[in-house]
Amino acid sequence: MSAHRELSSAERVVLPVLVVFSFLFLLWHLAPKRVLEGALADADGYHRLYRIQHLWETRDWFDDRLPRYNAPHGDRSYWTRLMDVILIGFQALLGLFLPAETAFWWAGILISPLMHVGLLALFFHTTRGWMAPRARWLALLVFLWGDAIGEQMSLGRADHHGLIHLSHLLLMGGALSMLREREAQEGLATSHPDPLLPCPRWFGLGGALGLWVSMECSVMLYLLQTLLAIGWWAGVVQAGRGMRAAGWWLLAGLLVALVLERPPGNWLEVQYDRFSIVHVWVGAISALFWSWLAFWEDRWPPHGTRRTLVLAAGVLGGLLAVWVPFPPFIRGPYATLGPQMAQLMNLFMDMRPLWPFTWKTLPFFVLLAGPFLAGIPIILAYLWSEWPSLPRARLLFLVLPLPVLVIALVSHIRMAVLIEFFLPYAAGPALDWFLTRAQAWRWPLARAAGTCLAVFALTLGPYVGAALVTIVAPSSQTGSAPPAFDPGWVKAVCEDLNDPAIVASPTIVVAWLNYGPQIVCRTRHGVVGTPIHRNERGLADTVTVFGSTDDEAIRKVFRERGADLFLYLLDDPDVILPGIGRPPAGSLPDRLNRGEIPSWLHPVPLERAASTPFRLYKVDPGSAPDRSATQ
């Protein structure tokens with residue numbers, strides 16, 4: 001391994017200052033517009049706060065209903081309670097200094113950045129013993145500048161991504177400490193102990209936390225277990241000393257989560273998009289899989305045919321043990337999703353592929369994969385130079401995941417988050433190695449330029465590159481562009497909806513999906529459509545209202561729902577109908593955009609939102625159909 005490098009006196013000041021400055025800059029840069037005025041970043045934040053409101057109203061911990069979604073029928077949430085508890089506790093703390101309503105909103109605005117600080121500290125700790133001091137600070141900078149994680153942890157994100165990333169870091173820290181254990185046996189590990197992250201316990205509990213919070217964590221859990229299984233085959237991971245215990249800690253944590261999350265009569269309910277007995281079963285299979293490998297590892301040497309057969313038998317047996325009782329599990333958490341909702345989810349930005357590249361998708365690729373692409377030369381040069389001294393465990397962790405994840409990113413933007421967890425562990429040592437070499441260059445200007453350029457390429461560089469691509473991209477706009485959307489418009493509309501002089505009593509509103517959770521959270525009313533994948537009935541009716549050219553079909557939705565109000569944003573660019581695209585000619589949005597108001601819609605004057613492009617209409621749904629002939 002390369003020589004251990006301590007921080008110079010200048011680096012002890014400069015690197016922490018760079019980290020603090022970067023955090024504050026990104027906190028300001030990534031904050032959604034007007035978030036400090038009380039607007040949350042997206043629909044997920046309002047969804048979370050509405051869940052908390054409903055929990056306070058019912059005092060029923062196990063009640064996962066969303067009674068004002070899919071109104072008047074209601075809907076069930078696929079989220080779990082842990083993030084609710086954290087937000088309620090933070091709100092109570094702020095309530096010591098602020099009015100209750102103000103504390104409620106500021107808790108939602110501030111929770112993710114505060115959790116981000118904790119994540120940065122935990123990341124810095126997981127690198128202890130894995131890389132030299134300067135490399136740790138450089139890795140922290142690369143981790144901090146990751147756009148996908150930074151966006152999810154910005155102001156106004158009142159959702160559970162902080163807990164998802166906490167699970168990721170616990171899994172990463174546990175995996176690294178198991179790999180370092182082998183390094184220690186080979187006499188190659190650094191001298192730093194790691195008392196906070198004993199590998200079996202925290203790897204298992206990190207996985208249990210992740211599956212409890214969200215199925216998003218399953219990708220990291222299975223990916224790391226795959227890496228560790230390959231490491232077991234190669235002889236750099238010992239199942240008996242680490243992963244067997246981790247598997248049983250995973251199962252124990254999942255059993256505790258099942259008891260905390262579900263009432264006894266609901267323990268055996270099968271759900272794939274939400275934590276359920278299915279995932280406890282998967283945890284049990286994982287524990288048995290690692291116990292199987294531990295039983296055989298002292299009998300057969302690494303790399304051999306017998307160890308290969310043992311691993312293959314364990315993998316095949318585990319897959320069959322999951323597939324036979326729960327066949328849809330293999331297809332992922334959205335296996336039971338209806339086709340129309342699946343089409344809608346493919347329209348969400350983080351669910352889209354980046355291929356084929358267009359001028360519209362290229363900036364995202366530069367921003368999300370840019371650090372990896374910029375770091376390839378440095379990382380490859382580092383690996384080439386240090387190859388003889390790098391232990392196999394370290395090579396496995398540095399080399400195998402990144403190309404796989406970049407390929408996955410091209411087909412699924414959400415994979416950028418996983419790249420941003422793995423990349424710093426390779427980039428930190430590589431940058432440290434490069435800067436050490438650069439300091440030996442003869443010309444001071446070359447030393448300074450090389451140092452700055454290398455760090456810039458892996459941090460701020462992708463932001464600049466994405467901005468340049470956006471600037472040079474040919475414009476597809478024809479005519480005058482609509483005004484930029486202002487989140488304050490929805491807040492103003494909600495204040496009008498709460499005004500008894502405008503809307504006398506609670507009712508049901510039909511609006512585009514994006515605005516449903518905020519309307520429910522901020523007002524007394526129910527909504528039909530929400531961007532929540534379980535609300536398929538609400539989606540179908542919303543698509544009918546926004547996409548049909550048949551007024552009777554549209555009015556039938558209002559009749560059957562008992563909906564009195566229709567809310568529409570003129571020329572709304574976000575109205576993209578699954579399977580249809582933009583609302584067709586003759587549809588209700590098309591007519592309203594052209595100023596043609598059907599006779600059965602009656603404009604409702606707005607006050608606070610009068611200057612916005614939002615329009616509110618009282619609906620005359622027409623007479624109910626005569627059902628006597630079918631009775």
# chains A, B, ... in the order shown; residues from 1 in each chain; ligands from 1
>>> residues_around(residues="segment 135-139 of chain A", least_positions_apart="6", cutoff="9 Å", atoms="only C-alpha atoms", output="count of residues only")
20
>>> select_by_dssp(residues="segment 276-503 of chain A", states="helix (DSSP H, G or I)", output="PyMOL selection string")
chain A and resi 277-297+305-323+327-331+339-345+349-351+362-386+392-399+401-411+413-438+444-458+461-472+487-497
>>> closest_residue(among="A:Ser291, A:Thr523, A:Gln518, A:Thr612", to="Val503 of chain A", atoms="only C-alpha atoms")
A:Thr523
>>> residues_around(residues="Ala609 of chain A", least_positions_apart="5", cutoff="12 Å", atoms="only C-alpha atoms", output="MDAnalysis selection string")
chainID A and resid 486:497 499 502 567 569 604 614:616
>>> write_last_selection(atoms="N, CA and C atoms", output="compact mmCIF listing (two decimals), in the first residue's frame")
# COMPACT_ATOMS: atom_id res chain seq x y z
N ASP A 486 -44.23 28.99 -10.06
CA ASP A 486 -43.89 29.53 -8.76
C ASP A 486 -44.63 28.70 -7.71
N PRO A 487 -43.90 27.98 -6.80
CA PRO A 487 -44.56 27.18 -5.77
C PRO A 487 -45.51 27.99 -4.90
N GLY A 488 -45.26 29.30 -4.80
CA GLY A 488 -46.14 30.14 -4.00
C GLY A 488 -47.55 30.22 -4.56
N TRP A 489 -47.71 29.93 -5.86
CA TRP A 489 -49.05 29.94 -6.45
C TRP A 489 -49.96 28.90 -5.78
N VAL A 490 -49.42 27.70 -5.55
CA VAL A 490 -50.25 26.65 -4.95
C VAL A 490 -50.60 27.01 -3.51
N LYS A 491 -49.63 27.58 -2.80
CA LYS A 491 -49.92 28.01 -1.43
C LYS A 491 -51.04 29.05 -1.41
N ALA A 492 -51.00 29.99 -2.36
CA ALA A 492 -52.05 31.01 -2.43
C ALA A 492 -53.40 30.39 -2.76
N VAL A 493 -53.41 29.42 -3.67
CA VAL A 493 -54.67 28.74 -4.01
C VAL A 493 -55.22 28.01 -2.79
N CYS A 494 -54.34 27.36 -2.03
CA CYS A 494 -54.80 26.64 -0.83
C CYS A 494 -55.39 27.61 0.19
N GLU A 495 -54.82 28.79 0.32
CA GLU A 495 -55.38 29.78 1.25
C GLU A 495 -56.78 30.19 0.79
N ASP A 496 -56.97 30.31 -0.53
CA ASP A 496 -58.31 30.62 -1.04
C ASP A 496 -59.27 29.46 -0.80
N LEU A 497 -58.80 28.24 -0.99
CA LEU A 497 -59.67 27.08 -0.76
C LEU A 497 -60.08 26.97 0.71
N ASP A 499 -60.71 29.57 2.56
CA ASP A 499 -61.51 30.76 2.88
C ASP A 499 -62.99 30.41 2.74
N ILE A 502 -65.01 31.84 -0.09
CA ILE A 502 -64.79 31.33 -1.44
C ILE A 502 -65.30 29.90 -1.58
N LEU A 567 -59.73 22.36 -10.26
CA LEU A 567 -58.63 23.32 -10.20
C LEU A 567 -57.68 23.03 -11.35
N LEU A 569 -54.22 24.64 -13.72
CA LEU A 569 -53.17 25.63 -14.01
C LEU A 569 -53.06 25.76 -15.52
N VAL A 604 -64.87 30.36 -10.29
CA VAL A 604 -64.94 30.83 -8.90
C VAL A 604 -63.85 31.87 -8.73
N PHE A 614 -53.60 29.87 -12.06
CA PHE A 614 -54.56 28.89 -11.58
C PHE A 614 -55.98 29.39 -11.79
N ARG A 615 -56.87 28.46 -12.14
CA ARG A 615 -58.29 28.75 -12.30
C ARG A 615 -59.08 27.72 -11.52
N LEU A 616 -60.07 28.22 -10.79
CA LEU A 616 -60.94 27.35 -9.98
C LEU A 616 -62.35 27.42 -10.54
>>> residues_around(residues="Leu368 of chain A", least_positions_apart="3", cutoff="7 Å", atoms="only C-alpha atoms", output="compact mmCIF listing (two decimals) with N, CA, C and O atoms, in the first residue's frame")
# COMPACT_ATOMS: atom_id res chain seq x y z
N ASP A 147 -24.82 15.18 -6.60
CA ASP A 147 -26.05 15.93 -6.85
C ASP A 147 -27.29 15.17 -6.42
O ASP A 147 -28.22 15.76 -5.86
N ALA A 148 -27.36 13.87 -6.68
CA ALA A 148 -28.57 13.12 -6.37
C ALA A 148 -28.83 13.10 -4.86
O ALA A 148 -29.96 13.35 -4.41
N PHE A 364 -28.39 15.86 -17.51
CA PHE A 364 -28.55 15.00 -16.34
C PHE A 364 -27.43 13.96 -16.28
O PHE A 364 -26.91 13.66 -15.21
N PHE A 365 -27.07 13.42 -17.44
CA PHE A 365 -26.00 12.43 -17.44
C PHE A 365 -24.68 13.07 -17.02
O PHE A 365 -23.93 12.48 -16.23
N ALA A 416 -28.15 6.89 -9.71
CA ALA A 416 -27.12 7.88 -9.41
C ALA A 416 -26.82 7.94 -7.92
O ALA A 416 -25.69 8.20 -7.52
>>> residues_around(residues="segment 244-250 of chain A", least_positions_apart="5", cutoff="9 Å", atoms="only C-alpha atoms", output="ChimeraX atom specification")
/A:174,199-209,238-239,255,280,283-294
>>> residues_around(residues="Gln439 of chain A", least_positions_apart="6", cutoff="12 Å", atoms="only C-alpha atoms", output="tab-separated table (two decimals) with all heavy atoms, in the first residue's frame")
chain	number	residue	atom	x	y	z
A	432	ASP	N	-5.92	11.54	-3.35
A	432	ASP	CA	-4.79	11.68	-2.43
A	432	ASP	C	-3.49	11.24	-3.11
A	432	ASP	O	-2.45	11.92	-3.02
A	432	ASP	CB	-5.06	10.82	-1.19
A	432	ASP	CG	-4.01	11.03	-0.12
A	432	ASP	OD1	-3.42	12.12	-0.05
A	432	ASP	OD2	-3.78	10.09	0.66
A	433	TRP	N	-3.53	10.12	-3.81
A	433	TRP	CA	-2.37	9.63	-4.55
A	433	TRP	C	-1.94	10.63	-5.62
A	433	TRP	O	-0.75	10.94	-5.76
A	433	TRP	CB	-2.73	8.28	-5.18
A	433	TRP	CG	-1.73	7.78	-6.17
A	433	TRP	CD1	-0.63	7.03	-5.92
A	433	TRP	CD2	-1.76	7.99	-7.59
A	433	TRP	NE1	0.04	6.75	-7.09
A	433	TRP	CE2	-0.63	7.33	-8.13
A	433	TRP	CE3	-2.63	8.67	-8.45
A	433	TRP	CZ2	-0.36	7.32	-9.49
A	433	TRP	CZ3	-2.35	8.67	-9.80
A	433	TRP	CH2	-1.22	8.00	-10.32
A	445	LEU	N	3.24	26.43	-10.87
A	445	LEU	CA	1.95	26.66	-11.53
A	445	LEU	C	1.30	25.35	-11.94
A	445	LEU	O	0.09	25.17	-11.80
A	445	LEU	CB	2.15	27.55	-12.75
A	445	LEU	CG	0.87	27.96	-13.50
A	445	LEU	CD1	-0.07	28.71	-12.58
A	445	LEU	CD2	1.22	28.81	-14.73
A	446	ALA	N	2.11	24.40	-12.43
A	446	ALA	CA	1.57	23.09	-12.81
A	446	ALA	C	1.05	22.35	-11.58
A	446	ALA	O	0.00	21.69	-11.64
A	446	ALA	CB	2.63	22.27	-13.52
A	447	ARG	N	1.78	22.45	-10.46
A	447	ARG	CA	1.32	21.80	-9.23
A	447	ARG	C	-0.03	22.35	-8.80
A	447	ARG	O	-0.95	21.60	-8.48
A	447	ARG	CB	2.35	22.00	-8.12
A	447	ARG	CG	3.65	21.26	-8.32
A	447	ARG	CD	4.40	21.13	-7.00
A	447	ARG	NE	4.73	22.43	-6.42
A	447	ARG	CZ	5.87	23.08	-6.65
A	447	ARG	NH1	6.79	22.54	-7.46
A	447	ARG	NH2	6.13	24.23	-6.09
A	448	ALA	N	-0.16	23.68	-8.79
A	448	ALA	CA	-1.41	24.31	-8.36
A	448	ALA	C	-2.55	23.98	-9.32
A	448	ALA	O	-3.66	23.64	-8.90
A	448	ALA	CB	-1.23	25.82	-8.26
A	449	ALA	N	-2.28	24.07	-10.64
A	449	ALA	CA	-3.33	23.80	-11.63
A	449	ALA	C	-3.77	22.34	-11.58
A	449	ALA	O	-4.97	22.04	-11.63
A	449	ALA	CB	-2.83	24.15	-13.03
A	450	GLY	N	-2.82	21.42	-11.47
A	450	GLY	CA	-3.18	20.00	-11.42
A	450	GLY	C	-3.99	19.67	-10.19
A	450	GLY	O	-4.97	18.92	-10.25
A	451	THR	N	-3.59	20.23	-9.04
A	451	THR	CA	-4.32	19.98	-7.80
A	451	THR	C	-5.76	20.49	-7.90
A	451	THR	O	-6.71	19.77	-7.60
A	451	THR	CB	-3.60	20.67	-6.63
A	451	THR	OG1	-2.30	20.11	-6.49
A	451	THR	CG2	-4.38	20.49	-5.34
A	452	CYS	N	-5.92	21.74	-8.32
A	452	CYS	CA	-7.25	22.33	-8.41
A	452	CYS	C	-8.12	21.62	-9.43
A	452	CYS	O	-9.31	21.38	-9.21
A	452	CYS	CB	-7.15	23.82	-8.74
A	452	CYS	SG	-6.38	24.81	-7.45
>>> select_by_dssp(residues="segment 360-601 of chain A", states="strand (DSSP E)", output="PyMOL selection string")
chain A and resi 508-510+526-527+565-569+601
>>> write_last_selection(atoms="all heavy atoms", output="short mmCIF file (atom, residue, chain, number, x, y, z; two decimals), in the first residue's frame")
data_model
loop_
_atom_site.label_atom_id
_atom_site.label_comp_id
_atom_site.auth_asym_id
_atom_site.auth_seq_id
_atom_site.Cartn_x
_atom_site.Cartn_y
_atom_site.Cartn_z
N ILE A 508 -64.66 17.98 -2.31
CA ILE A 508 -63.67 17.18 -3.05
C ILE A 508 -63.24 17.96 -4.27
O ILE A 508 -64.06 18.49 -5.02
CB ILE A 508 -64.26 15.82 -3.46
CG1 ILE A 508 -64.60 14.99 -2.21
CG2 ILE A 508 -63.28 15.04 -4.34
CD1 ILE A 508 -65.36 13.73 -2.51
N VAL A 509 -61.92 18.05 -4.46
CA VAL A 509 -61.33 18.83 -5.55
C VAL A 509 -60.70 17.87 -6.55
O VAL A 509 -60.01 16.92 -6.16
CB VAL A 509 -60.26 19.81 -5.02
CG1 VAL A 509 -59.67 20.63 -6.15
CG2 VAL A 509 -60.85 20.70 -3.94
N VAL A 510 -60.93 18.11 -7.83
CA VAL A 510 -60.20 17.42 -8.88
C VAL A 510 -59.13 18.38 -9.39
O VAL A 510 -59.44 19.49 -9.83
CB VAL A 510 -61.12 16.98 -10.03
CG1 VAL A 510 -60.29 16.36 -11.17
CG2 VAL A 510 -62.16 15.98 -9.53
N GLY A 526 -60.68 17.11 0.26
CA GLY A 526 -60.14 15.89 -0.28
C GLY A 526 -59.82 16.07 -1.75
O GLY A 526 -60.29 17.00 -2.40
N VAL A 527 -59.00 15.19 -2.29
CA VAL A 527 -58.64 15.23 -3.70
C VAL A 527 -58.81 13.83 -4.30
O VAL A 527 -58.83 12.83 -3.59
CB VAL A 527 -57.20 15.72 -3.93
CG1 VAL A 527 -57.03 17.16 -3.46
CG2 VAL A 527 -56.20 14.80 -3.25
N LEU A 565 -65.41 20.81 -7.18
CA LEU A 565 -64.48 21.82 -7.68
C LEU A 565 -63.47 21.21 -8.64
O LEU A 565 -63.04 20.06 -8.46
CB LEU A 565 -63.74 22.48 -6.51
CG LEU A 565 -64.58 23.29 -5.52
CD1 LEU A 565 -63.70 23.76 -4.36
CD2 LEU A 565 -65.26 24.46 -6.20
N PHE A 566 -63.09 22.01 -9.63
CA PHE A 566 -62.04 21.64 -10.56
C PHE A 566 -60.99 22.74 -10.55
O PHE A 566 -61.31 23.92 -10.76
CB PHE A 566 -62.58 21.45 -11.97
CG PHE A 566 -61.54 21.14 -13.00
CD1 PHE A 566 -60.78 19.98 -12.90
CD2 PHE A 566 -61.28 22.01 -14.05
CE1 PHE A 566 -59.80 19.69 -13.85
CE2 PHE A 566 -60.30 21.73 -14.99
CZ PHE A 566 -59.57 20.56 -14.89
N LEU A 567 -59.73 22.36 -10.26
CA LEU A 567 -58.63 23.32 -10.20
C LEU A 567 -57.68 23.03 -11.35
O LEU A 567 -57.25 21.89 -11.54
CB LEU A 567 -57.89 23.19 -8.86
CG LEU A 567 -56.69 24.11 -8.66
CD1 LEU A 567 -57.14 25.56 -8.56
CD2 LEU A 567 -55.91 23.70 -7.40
N TYR A 568 -57.32 24.07 -12.10
CA TYR A 568 -56.45 23.87 -13.26
C TYR A 568 -55.46 25.01 -13.38
O TYR A 568 -55.81 26.17 -13.17
CB TYR A 568 -57.28 23.77 -14.55
CG TYR A 568 -56.43 23.56 -15.78
CD1 TYR A 568 -55.62 22.43 -15.89
CD2 TYR A 568 -56.41 24.49 -16.81
CE1 TYR A 568 -54.82 22.24 -17.01
CE2 TYR A 568 -55.60 24.31 -17.92
CZ TYR A 568 -54.81 23.18 -18.01
OH TYR A 568 -54.01 22.99 -19.11
N LEU A 569 -54.22 24.64 -13.72
CA LEU A 569 -53.17 25.63 -14.01
C LEU A 569 -53.06 25.76 -15.52
O LEU A 569 -52.75 24.80 -16.21
CB LEU A 569 -51.83 25.16 -13.42
CG LEU A 569 -50.62 26.05 -13.73
CD1 LEU A 569 -50.75 27.41 -13.05
CD2 LEU A 569 -49.32 25.36 -13.29
N LEU A 601 -69.00 24.29 -16.30
CA LEU A 601 -67.99 24.81 -15.38
C LEU A 601 -68.28 26.28 -15.11
O LEU A 601 -68.47 27.06 -16.05
CB LEU A 601 -66.58 24.67 -15.95
CG LEU A 601 -65.97 23.27 -16.04
CD1 LEU A 601 -64.55 23.36 -16.57
CD2 LEU A 601 -65.97 22.57 -14.69
#
>>> closest_atom_pairs(of="segment 497-573 of chain A", to="segment 71-94 of chain A", cutoff="10 Å", atoms="only C-alpha atoms", output="CSV")
residue,atom,partner,partner_atom,distance
A:Thr507,CA,A:Ala71,CA,9.3
A:Ile508,CA,A:Ala71,CA,6.6
A:Val509,CA,A:Ala71,CA,8.5
A:Val510,CA,A:Ala71,CA,9.4
A:His525,CA,A:Ala71,CA,9.1
A:Gly526,CA,A:Ala71,CA,5.5
A:Val527,CA,A:Ala71,CA,5.5
A:Val528,CA,A:Ala71,CA,5.1
A:Gly529,CA,A:Ala71,CA,8.4
A:Ile532,CA,A:Ser77,CA,8.4
A:His533,CA,A:Tyr78,CA,8.8
A:Arg534,CA,A:Arg76,CA,7.3
A:Asn535,CA,A:Asp75,CA,6.5
A:Glu536,CA,A:Asp75,CA,9.6
A:Arg537,CA,A:Asp75,CA,9.4
A:Gly538,CA,A:Ala71,CA,8.0
A:Glu560,CA,A:Pro72,CA,9.4
A:Arg561,CA,A:Pro72,CA,6.3
A:Gly562,CA,A:Pro72,CA,7.6
A:Ala563,CA,A:Ala71,CA,8.4
>>> residues_around(residues="segment 328-339 of chain A", least_positions_apart="2", cutoff="9 Å", atoms="only C-alpha atoms", output="PDB file with N, CA and C atoms, in the first residue's frame")
ATOM      1  N   MET A 215     -38.422   0.300   0.333  1.00  0.00           N
ATOM      2  CA  MET A 215     -37.875  -0.749  -0.527  1.00  0.00           C
ATOM      3  C   MET A 215     -36.703  -0.243  -1.370  1.00  0.00           C
ATOM      4  N   GLU A 216     -36.490   1.070  -1.430  1.00  0.00           N
ATOM      5  CA  GLU A 216     -35.333   1.599  -2.150  1.00  0.00           C
ATOM      6  C   GLU A 216     -34.022   1.045  -1.594  1.00  0.00           C
ATOM      7  N   GLN A 271     -47.273  -7.708   1.260  1.00  0.00           N
ATOM      8  CA  GLN A 271     -47.162  -6.489   0.465  1.00  0.00           C
ATOM      9  C   GLN A 271     -45.734  -6.412  -0.068  1.00  0.00           C
ATOM     10  N   TYR A 272     -45.593  -5.975  -1.298  1.00  0.00           N
ATOM     11  CA  TYR A 272     -44.278  -5.918  -1.919  1.00  0.00           C
ATOM     12  C   TYR A 272     -43.703  -4.509  -1.949  1.00  0.00           C
ATOM     13  N   ASP A 273     -44.556  -3.495  -1.971  1.00  0.00           N
ATOM     14  CA  ASP A 273     -44.075  -2.121  -2.020  1.00  0.00           C
ATOM     15  C   ASP A 273     -43.898  -1.514  -0.638  1.00  0.00           C
ATOM     16  N   ARG A 274     -44.292  -2.227   0.394  1.00  0.00           N
ATOM     17  CA  ARG A 274     -44.203  -1.754   1.771  1.00  0.00           C
ATOM     18  C   ARG A 274     -43.710  -2.890   2.652  1.00  0.00           C
ATOM     19  N   VAL A 278     -43.093 -10.518   3.807  1.00  0.00           N
ATOM     20  CA  VAL A 278     -42.264 -10.913   2.666  1.00  0.00           C
ATOM     21  C   VAL A 278     -40.798 -10.597   2.949  1.00  0.00           C
ATOM     22  N   LEU A 319     -32.828 -18.106  -3.960  1.00  0.00           N
ATOM     23  CA  LEU A 319     -33.780 -17.562  -4.932  1.00  0.00           C
ATOM     24  C   LEU A 319     -35.059 -18.402  -4.991  1.00  0.00           C
ATOM     25  N   VAL A 322     -37.328 -17.877  -1.978  1.00  0.00           N
ATOM     26  CA  VAL A 322     -38.109 -16.635  -2.029  1.00  0.00           C
ATOM     27  C   VAL A 322     -39.169 -16.718  -3.118  1.00  0.00           C
ATOM     28  N   TRP A 323     -38.812 -17.251  -4.266  1.00  0.00           N
ATOM     29  CA  TRP A 323     -39.713 -17.241  -5.418  1.00  0.00           C
ATOM     30  C   TRP A 323     -40.921 -18.160  -5.226  1.00  0.00           C
ATOM     31  N   PHE A 326     -43.416 -16.459  -2.777  1.00  0.00           N
ATOM     32  CA  PHE A 326     -43.726 -15.081  -3.162  1.00  0.00           C
ATOM     33  C   PHE A 326     -43.232 -14.800  -4.580  1.00  0.00           C
ATOM     34  N   MET A 341     -50.604   2.998 -13.940  1.00  0.00           N
ATOM     35  CA  MET A 341     -49.744   3.596 -12.924  1.00  0.00           C
ATOM     36  C   MET A 341     -48.272   3.344 -13.245  1.00  0.00           C
ATOM     37  N   ALA A 342     -47.962   2.195 -13.812  1.00  0.00           N
ATOM     38  CA  ALA A 342     -46.578   1.924 -14.223  1.00  0.00           C
ATOM     39  C   ALA A 342     -46.132   2.915 -15.291  1.00  0.00           C
ATOM     40  N   GLN A 343     -47.045   3.238 -16.222  1.00  0.00           N
ATOM     41  CA  GLN A 343     -46.719   4.235 -17.246  1.00  0.00           C
ATOM     42  C   GLN A 343     -46.478   5.601 -16.620  1.00  0.00           C
ATOM     43  N   LEU A 344     -47.287   5.941 -15.604  1.00  0.00           N
ATOM     44  CA  LEU A 344     -47.101   7.232 -14.936  1.00  0.00           C
ATOM     45  C   LEU A 344     -45.759   7.290 -14.223  1.00  0.00           C
ATOM     46  N   HIS A 533     -48.312   5.737  -5.890  1.00  0.00           N
ATOM     47  CA  HIS A 533     -48.553   4.644  -6.836  1.00  0.00           C
ATOM     48  C   HIS A 533     -49.698   3.724  -6.445  1.00  0.00           C
ATOM     49  N   ARG A 534     -50.129   3.749  -5.193  1.00  0.00           N
ATOM     50  CA  ARG A 534     -51.275   2.908  -4.831  1.00  0.00           C
ATOM     51  C   ARG A 534     -52.608   3.519  -5.268  1.00  0.00           C
ATOM     52  N   GLU A 536     -54.364   4.078  -7.794  1.00  0.00           N
ATOM     53  CA  GLU A 536     -54.600   3.820  -9.216  1.00  0.00           C
ATOM     54  C   GLU A 536     -55.996   4.268  -9.637  1.00  0.00           C
TER      55      GLU A 536
END
>>> closest_residue(among="A:Leu140, A:Val399, A:Ala41, A:Ala158", to="Ile111 of chain A", atoms="only C-alpha atoms")
A:Ala158
>>> closest_residue(among="A:Trp145, A:Trp441, A:Phe422, A:Phe295", to="Phe397 of chain A", atoms="only C-alpha atoms")
A:Phe422
>>> atom_distance(atom1="atom CA of Ser112 of chain A", atom2="atom CA of Gly95 of chain A")
18.0 Å
>>> decode(residues="segment 460-464 of chain A", atoms="all heavy atoms", output="PDB file, in the first residue's frame")
ATOM      1  N   LEU A 460     -17.228  20.227  -8.231  1.00  0.00           N
ATOM      2  CA  LEU A 460     -18.014  21.263  -8.904  1.00  0.00           C
ATOM      3  C   LEU A 460     -18.079  21.067 -10.416  1.00  0.00           C
ATOM      4  O   LEU A 460     -19.012  21.541 -11.066  1.00  0.00           O
ATOM      5  CB  LEU A 460     -17.411  22.634  -8.578  1.00  0.00           C
ATOM      6  CG  LEU A 460     -18.138  23.882  -9.080  1.00  0.00           C
ATOM      7  CD1 LEU A 460     -19.551  23.936  -8.543  1.00  0.00           C
ATOM      8  CD2 LEU A 460     -17.374  25.137  -8.692  1.00  0.00           C
ATOM      9  N   GLY A 461     -17.126  20.348 -10.981  1.00  0.00           N
ATOM     10  CA  GLY A 461     -17.044  20.205 -12.435  1.00  0.00           C
ATOM     11  C   GLY A 461     -18.318  19.739 -13.105  1.00  0.00           C
ATOM     12  O   GLY A 461     -18.753  20.329 -14.103  1.00  0.00           O
ATOM     13  N   PRO A 462     -18.969  18.673 -12.622  1.00  0.00           N
ATOM     14  CA  PRO A 462     -20.201  18.229 -13.279  1.00  0.00           C
ATOM     15  C   PRO A 462     -21.312  19.276 -13.292  1.00  0.00           C
ATOM     16  O   PRO A 462     -22.092  19.338 -14.249  1.00  0.00           O
ATOM     17  CB  PRO A 462     -20.607  16.998 -12.459  1.00  0.00           C
ATOM     18  CG  PRO A 462     -19.324  16.486 -11.905  1.00  0.00           C
ATOM     19  CD  PRO A 462     -18.515  17.713 -11.604  1.00  0.00           C
ATOM     20  N   TYR A 463     -21.405  20.103 -12.242  1.00  0.00           N
ATOM     21  CA  TYR A 463     -22.399  21.182 -12.242  1.00  0.00           C
ATOM     22  C   TYR A 463     -22.120  22.157 -13.380  1.00  0.00           C
ATOM     23  O   TYR A 463     -23.030  22.572 -14.107  1.00  0.00           O
ATOM     24  CB  TYR A 463     -22.371  21.927 -10.900  1.00  0.00           C
ATOM     25  CG  TYR A 463     -22.999  21.181  -9.762  1.00  0.00           C
ATOM     26  CD1 TYR A 463     -22.278  20.243  -9.034  1.00  0.00           C
ATOM     27  CD2 TYR A 463     -24.322  21.402  -9.400  1.00  0.00           C
ATOM     28  CE1 TYR A 463     -22.854  19.557  -7.983  1.00  0.00           C
ATOM     29  CE2 TYR A 463     -24.901  20.723  -8.342  1.00  0.00           C
ATOM     30  CZ  TYR A 463     -24.162  19.795  -7.638  1.00  0.00           C
ATOM     31  OH  TYR A 463     -24.729  19.106  -6.607  1.00  0.00           O
ATOM     32  N   VAL A 464     -20.846  22.526 -13.539  1.00  0.00           N
ATOM     33  CA  VAL A 464     -20.471  23.448 -14.606  1.00  0.00           C
ATOM     34  C   VAL A 464     -20.706  22.805 -15.964  1.00  0.00           C
ATOM     35  O   VAL A 464     -21.227  23.429 -16.895  1.00  0.00           O
ATOM     36  CB  VAL A 464     -18.997  23.881 -14.447  1.00  0.00           C
ATOM     37  CG1 VAL A 464     -18.566  24.759 -15.602  1.00  0.00           C
ATOM     38  CG2 VAL A 464     -18.801  24.603 -13.118  1.00  0.00           C
TER      39      VAL A 464
END
